[in-house]
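In what follows, a single structure is set out as C-alpha cells and then discussed.
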Amino acid sequence: MPNHIRNIVERINQLQDELEVALGEKAEQFSYSIENRRIKFKSDTVKWQKQFKLGLPKYIFGAPILHVISAPVIYSLVIPFVLIDIWVSLYQAICFPIYGVKKVRRRDYIVFDRHHLAYLNIIEKMNCAYCSYGNGLLAYCLEVGSKTEAYWCPIKHANKTRTHNKWYGEFSEYGDAENYQADRKRNIEAVSQDKNSQDPVG
C-alpha cells in the first residue's frame, strides 16, 4: 500500500480513537456509566429524563397520518432481516473456519441499549430497538461480506465507490497483475489474524 494511503488509514484510526474518547465524555455529561455492556443511570437522572417523556396518546394522535400508514411497510422488513441474520450467521459459522478467517462477533454490531432511556415511551423504544437491529444487522453483514471479499477478491475498484470497508486500503491495486497473488496472500493473513474480532458469542 502506498505510504500516503497508509497515512490516511492511520489518521482514520486516530480519529476513531478520538471519537471513543469524546463518547466517553458524553457518558459523564449525561450521568451514565457502562459496566459489562450494561448502562446505568443515576436515579436522579432517570427522574429528570422522565420530565421529557411524550405520553402515548399525544404521541399517537399527534403523528402524521402518512407515518401511521407507512409503519407496516417499515416493519415488514423484519422478515427478510431475520432471514438474512440467520443465513449470514450460518454462512460464517460454516465457512469461516474452513477458510481460517476470524469470525465476526455479532454482538459488536447489533446493540440494544436505547430502552434504558426514560424519556422514550414504549413505541419509541420499540422503534429504536427495530432500528438498532436493522442497521446493526446490515453493519454485521457488511463486515462478514468485507472479510469474504478480502479473502477471495481483495482488488480495489477502478471506479469510485461511496464507501470502503476497513480492509479495502490493503486491497491490491486495480490492474496490478504482478503483485496480485502476494497482495491476496497478505489480505488472507490479515483477516485470519484480525485482532479486533473475537469468536462470536451472541
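Just remember, in the C-alpha cells the first chain shown is A, the second B, etc., residues are 1-based per chain, and ligands are 1-based in the order shown.
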Would you mind listing what lies within 12 Å of Thr45 of chain A as a compact mmCIF listing (two decimals) with N, CA and C atoms, in the first residue's frame, with only C-alpha atoms counted and same-chain residues fewer than 2 positions away left out?
# COMPACT_ATOMS: atom_id res chain seq x y z
N GLU A 28 -20.19 10.88 30.75
CA GLU A 28 -20.05 11.62 32.01
C GLU A 28 -21.01 12.79 32.06
N GLN A 29 -21.17 13.47 30.92
CA GLN A 29 -22.05 14.63 30.87
C GLN A 29 -23.49 14.27 31.17
N PHE A 30 -23.96 13.12 30.67
CA PHE A 30 -25.35 12.72 30.85
C PHE A 30 -25.53 11.68 31.94
N SER A 31 -24.54 11.56 32.80
CA SER A 31 -24.63 10.80 34.05
C SER A 31 -24.98 9.33 33.88
N TYR A 32 -24.28 8.67 33.00
CA TYR A 32 -24.44 7.22 32.92
C TYR A 32 -23.08 6.55 32.83
N SER A 33 -23.07 5.28 33.20
CA SER A 33 -21.84 4.50 33.14
C SER A 33 -22.14 3.17 32.45
N LYS A 40 -26.00 2.15 33.14
CA LYS A 40 -26.54 2.52 34.44
C LYS A 40 -26.61 4.03 34.55
N PHE A 41 -27.84 4.53 34.82
CA PHE A 41 -28.05 5.95 35.05
C PHE A 41 -28.18 6.20 36.55
N LYS A 42 -27.81 7.38 36.96
CA LYS A 42 -28.06 7.79 38.35
C LYS A 42 -29.56 7.97 38.52
N SER A 43 -30.07 7.66 39.71
CA SER A 43 -31.52 7.70 39.94
C SER A 43 -32.12 9.07 39.67
N LYS A 47 -35.17 10.37 36.82
CA LYS A 47 -36.30 11.24 37.14
C LYS A 47 -36.30 12.47 36.23
N TRP A 48 -35.13 13.02 35.99
CA TRP A 48 -35.00 14.19 35.12
C TRP A 48 -35.43 13.85 33.70
N GLN A 49 -35.02 12.68 33.20
CA GLN A 49 -35.37 12.27 31.84
C GLN A 49 -36.87 12.12 31.66
N LYS A 50 -37.55 11.59 32.68
CA LYS A 50 -38.98 11.32 32.57
C LYS A 50 -39.80 12.59 32.36
N GLN A 51 -39.25 13.73 32.73
CA GLN A 51 -39.95 15.00 32.51
C GLN A 51 -40.16 15.29 31.03
N PHE A 52 -39.31 14.69 30.18
CA PHE A 52 -39.36 14.97 28.75
C PHE A 52 -40.06 13.86 27.95
N HIS A 116 -33.12 1.85 27.82
CA HIS A 116 -32.80 2.37 29.15
C HIS A 116 -33.15 3.86 29.29
N LEU A 117 -33.45 4.51 28.17
CA LEU A 117 -33.71 5.94 28.20
C LEU A 117 -35.13 6.22 28.69
N ALA A 118 -35.24 6.86 29.82
CA ALA A 118 -36.55 7.08 30.46
C ALA A 118 -37.41 8.11 29.74
N TYR A 119 -36.83 8.89 28.84
CA TYR A 119 -37.62 9.90 28.13
C TYR A 119 -38.28 9.35 26.86
List the spatial neighbours of Gly134 of chain A as a list in words - criterion: any atom at most 9 Å away, only C-alpha atoms, same-chain residues fewer than 3 positions off excluded. Leu77, Val78, Phe81, Ile110, Ala129, Tyr130, Cys131, Leu137, Leu138 and Ala139 of chain A
DSSP on the backbone: what in segment 18-126 of chain A comes out strand (DSSP E), as JSON, numbers by chain? {"A": [32, 33, 34, 35, 38, 39, 40, 41]}
How about saving the chosen residues, C-alpha atoms kept, as an mmCIF file, in the first residue's frame?
data_model
loop_
_atom_site.group_PDB
_atom_site.id
_atom_site.type_symbol
_atom_site.label_atom_id
_atom_site.label_comp_id
_atom_site.auth_asym_id
_atom_site.auth_seq_id
_atom_site.Cartn_x
_atom_site.Cartn_y
_atom_site.Cartn_z
ATOM 1 C CA TYR A 32 -24.442 7.218 32.919
ATOM 2 C CA SER A 33 -21.843 4.503 33.139
ATOM 3 C CA ILE A 34 -21.244 1.257 31.285
ATOM 4 C CA GLU A 35 -20.378 -1.898 33.190
ATOM 5 C CA ARG A 38 -24.869 -2.625 30.782
ATOM 6 C CA ILE A 39 -25.986 1.002 31.008
ATOM 7 C CA LYS A 40 -26.536 2.516 34.439
ATOM 8 C CA PHE A 41 -28.051 5.952 35.045
#
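The smallest atom-to-atom distance between Ile122 of chain A and any of A:Asn13, A:Val191, A:Tyr59, A:Lys185, using only C-alpha atoms, is found for A:Tyr59.
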Name all residues at most 9 Å from segment 90-104 of chain A (count only C-alpha atoms; drop same-chain ones fewer than 2 positions away) and give them as an MDAnalysis selection string. chainID A and resid 85:88 106:108 140 143:144 147:148 151 188:195 197:200
Taking N, CA and C atoms for each residue, export the selection above as a CSV table (one decimal), in the first residue's frame.
chain,number,residue,atom,x,y,z
A,85,ASP,N,-30.1,-12.5,8.8
A,85,ASP,CA,-29.4,-12.7,10.0
A,85,ASP,C,-29.0,-14.2,10.2
A,86,ILE,N,-30.0,-15.0,10.1
A,86,ILE,CA,-29.8,-16.5,10.2
A,86,ILE,C,-28.8,-17.0,9.2
A,87,TRP,N,-29.1,-16.6,7.9
A,87,TRP,CA,-28.3,-17.1,6.8
A,87,TRP,C,-26.8,-16.7,6.9
A,88,VAL,N,-26.6,-15.4,7.1
A,88,VAL,CA,-25.2,-14.9,7.2
A,88,VAL,C,-24.5,-15.5,8.4
A,106,ARG,N,-21.1,-10.9,16.4
A,106,ARG,CA,-22.4,-10.3,16.1
A,106,ARG,C,-22.8,-9.2,17.1
A,107,ARG,N,-22.5,-9.4,18.3
A,107,ARG,CA,-23.0,-8.5,19.4
A,107,ARG,C,-22.2,-7.2,19.3
A,108,ASP,N,-21.1,-7.1,18.6
A,108,ASP,CA,-20.4,-5.9,18.4
A,108,ASP,C,-21.1,-4.9,17.5
A,140,TYR,N,-23.2,-5.7,10.5
A,140,TYR,CA,-22.6,-7.0,10.7
A,140,TYR,C,-22.5,-7.8,9.4
A,143,GLU,N,-19.5,-6.4,7.4
A,143,GLU,CA,-18.2,-6.9,7.9
A,143,GLU,C,-17.9,-8.3,7.5
A,144,VAL,N,-19.0,-9.2,7.6
A,144,VAL,CA,-18.8,-10.6,7.1
A,144,VAL,C,-18.5,-10.6,5.6
A,147,LYS,N,-14.9,-9.3,4.9
A,147,LYS,CA,-13.9,-10.3,5.2
A,147,LYS,C,-13.8,-11.3,4.1
A,148,THR,N,-15.0,-11.7,3.6
A,148,THR,CA,-15.1,-12.6,2.5
A,148,THR,C,-14.4,-12.1,1.2
A,151,TYR,N,-10.7,-12.0,1.5
A,151,TYR,CA,-10.1,-13.4,1.4
A,151,TYR,C,-10.1,-13.8,-0.1
A,188,ILE,N,-5.3,-12.4,3.1
A,188,ILE,CA,-5.8,-13.6,3.8
A,188,ILE,C,-5.2,-13.7,5.2
A,189,GLU,N,-4.0,-13.4,5.3
A,189,GLU,CA,-3.3,-13.4,6.7
A,189,GLU,C,-4.0,-12.3,7.6
A,190,ALA,N,-4.3,-11.2,7.0
A,190,ALA,CA,-4.9,-10.1,7.8
A,190,ALA,C,-6.3,-10.5,8.4
A,191,VAL,N,-7.2,-11.1,7.6
A,191,VAL,CA,-8.5,-11.4,8.1
A,191,VAL,C,-8.4,-12.7,8.9
A,192,SER,N,-7.4,-13.5,8.8
A,192,SER,CA,-7.2,-14.7,9.6
A,192,SER,C,-6.7,-14.3,11.0
A,193,GLN,N,-6.0,-13.2,11.1
A,193,GLN,CA,-5.4,-12.8,12.4
A,193,GLN,C,-6.0,-11.5,12.9
A,194,ASP,N,-7.2,-11.2,12.5
A,194,ASP,CA,-7.9,-10.0,12.9
A,194,ASP,C,-8.0,-9.9,14.4
A,195,LYS,N,-7.2,-9.0,15.0
A,195,LYS,CA,-7.1,-8.8,16.4
A,195,LYS,C,-8.3,-8.1,17.0
A,197,SER,N,-11.4,-8.8,16.2
A,197,SER,CA,-12.6,-9.7,16.3
A,197,SER,C,-12.3,-10.8,17.3
A,198,GLN,N,-13.4,-11.3,17.8
A,198,GLN,CA,-13.3,-12.4,18.7
A,198,GLN,C,-14.4,-13.4,18.3
A,199,ASP,N,-14.3,-14.7,18.7
A,199,ASP,CA,-15.3,-15.6,18.3
A,199,ASP,C,-16.6,-15.2,18.8
A,200,PRO,N,-17.6,-15.3,17.9
A,200,PRO,CA,-19.0,-14.8,18.2
A,200,PRO,C,-19.6,-15.5,19.4
Please extract the residues of segment 1-191 of chain A with a backbone DSSP assignment of alpha helix (DSSP H) and present them as a count of residues only. 117
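Each of A:Tyr168, A:Pro57, A:Gly136, A:Asn7 was checked against Asn121 of chain A using only C-alpha atoms; the smallest atom-to-atom distance is that of A:Pro57.
Counting from atom CA of Asp113 of chain A, the distance to atom CA of Ile60 of chain A is 23.3 Å.
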So how many Å separate atom CA of Gln14 of chain A and atom CA of Asn165 of chain A, to one decimal? 16.5 Å
Excluding same-chain residues fewer than 6 positions from Glu173 of chain A, what lies within 10 Å of it counting only C-alpha atoms, as an mmCIF file with C-alpha atoms, in the first residue's frame?
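Once written, part.cif looks like this:
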data_model
loop_
_atom_site.group_PDB
_atom_site.id
_atom_site.type_symbol
_atom_site.label_atom_id
_atom_site.label_comp_id
_atom_site.auth_asym_id
_atom_site.auth_seq_id
_atom_site.Cartn_x
_atom_site.Cartn_y
_atom_site.Cartn_z
ATOM 1 C CA MET A 1 0.000 0.000 0.000
ATOM 2 C CA PRO A 2 1.413 3.442 -0.925
ATOM 3 C CA PRO A 154 -9.009 -8.185 -2.492
ATOM 4 C CA ILE A 155 -8.796 -5.901 -5.531
ATOM 5 C CA LYS A 156 -9.650 -2.205 -5.468
ATOM 6 C CA HIS A 157 -12.196 -0.883 -7.938
ATOM 7 C CA ALA A 158 -11.185 1.323 -10.826
ATOM 8 C CA ASN A 179 1.627 -8.214 -7.216
ATOM 9 C CA TYR A 180 -1.914 -9.597 -7.015
ATOM 10 C CA ASP A 183 -1.382 -8.974 -2.064
#
